[in-house]
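S.K.: Pasting a structure below so you can have a look.
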Amino acid sequence: MFAVVWVFVTLSGMLNAVWNLFAKRSGHPLVFLWSFQWVAVVAFLPWAWVAMAHHAIPMRGWVFFGVTATLHGIYVILLARAYAVGDLSQVYLLMHGVSPLLVPILGIALLGERISGRGIRHHRDCHRNRVAGRDVE
């Protein structure tokens with residue numbers, strides 16, 4: 001079982017890196033990235049319809065969905081803009097390192113979340129490892 005997980009995690013990382021390389025090398029990063037977003041929407045829409053047919057989604061869930069979709073759209077626009085003007089080796093690390101840094105900050109500020117000292121140290125270490133290009137636990 002461990003080997004299967006390792007293969008999928010490794011493949012996922014490789015595909016993510018290749019996908020970002022293609023986005024950078026494409027003539028129009030925004031078109032490339034949005035095209036992939038729409039492919040994902042179309043591919044997963046049948047499962048979403050089935051889930052919505054069997055489970056009621058409260059209004060708060062739709063609000064979270066809208067906010068998340070908006071933030072993801074902003075991320076895609078910023079990623080495309082960054083790839084259009086920046087070097088892949090810097091943009092890739094910056095764009096993939098900022099969101100794990102912002103999530104706990106926004107969670108504390110907007111949602112009243114609490115993070116233990118151990119959680120802060122773990123998050124800091126994961127961020128350092130990610131920026132250094134090492135495996136993240």
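Going by the structure tokens order, chains are called A, B, ..., each with residues numbered from 1, while ligands are numbered from 1 in the order shown.
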Tell me which protein, DNA and RNA residues are within 12 Å of Ile105 (chain A), counting only C-alpha atoms, leaving out same-chain ones fewer than 5 positions away, and put them as a list of chain:residue names.
M.R.: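 Residues near the query, excluding close chain neighbours: A:Val98, A:Ser99, A:Pro100, A:Leu110, A:Leu111, A:Gly112, A:Glu113, A:Arg114, A:Ile115, A:Ile120, A:His123.
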S.K.: Need the shell around Ala82 (chain A): protein/DNA/RNA residues with any atom at most 12 Å away, counting only C-alpha atoms. Skip same-chain ones fewer than 4 positions apart. Format as a PyMOL selection string?
M.R.: chain A and resi 20+23-24+28-30+75-78+86-96
S.K.: Could you write those residues out with C-alpha atoms, as an mmCIF file, in the first residue's frame?
M.R.:
data_model
loop_
_atom_site.group_PDB
_atom_site.id
_atom_site.type_symbol
_atom_site.label_atom_id
_atom_site.label_comp_id
_atom_site.auth_asym_id
_atom_site.auth_seq_id
_atom_site.Cartn_x
_atom_site.Cartn_y
_atom_site.Cartn_z
ATOM 1 C CA ASN A 20 3.467 24.664 -14.531
ATOM 2 C CA ALA A 23 1.914 27.119 -18.494
ATOM 3 C CA LYS A 24 5.125 29.149 -18.441
ATOM 4 C CA HIS A 28 -0.600 32.734 -23.429
ATOM 5 C CA PRO A 29 -0.391 31.485 -19.825
ATOM 6 C CA LEU A 30 -3.824 32.840 -18.902
ATOM 7 C CA TYR A 75 -4.913 32.881 -8.023
ATOM 8 C CA VAL A 76 -5.063 31.657 -11.639
ATOM 9 C CA ILE A 77 -4.964 35.220 -12.960
ATOM 10 C CA LEU A 78 -2.017 36.100 -10.710
ATOM 11 C CA GLY A 86 8.803 36.237 -14.182
ATOM 12 C CA ASP A 87 11.259 33.382 -14.223
ATOM 13 C CA LEU A 88 9.807 29.897 -13.655
ATOM 14 C CA SER A 89 12.298 29.075 -10.889
ATOM 15 C CA GLN A 90 11.134 32.063 -8.844
ATOM 16 C CA VAL A 91 7.442 32.191 -9.754
ATOM 17 C CA TYR A 92 6.824 28.492 -9.091
ATOM 18 C CA LEU A 93 8.225 28.662 -5.559
ATOM 19 C CA LEU A 94 6.613 31.997 -4.747
ATOM 20 C CA MET A 95 3.127 31.116 -5.984
ATOM 21 C CA HIS A 96 3.180 27.681 -4.340
#
S.K.: What separation in Å, quoted to one decimal, exists between CA of Gly27 (chain A) and CA of Ile74 (chain A)?
M.R.: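 The value is 20.0 Å.
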S.K.: Rounded to one decimal place, report the CA of Arg128 (chain A)-CA of Val5 (chain A) distance in Å.
M.R.: 23.7 Å
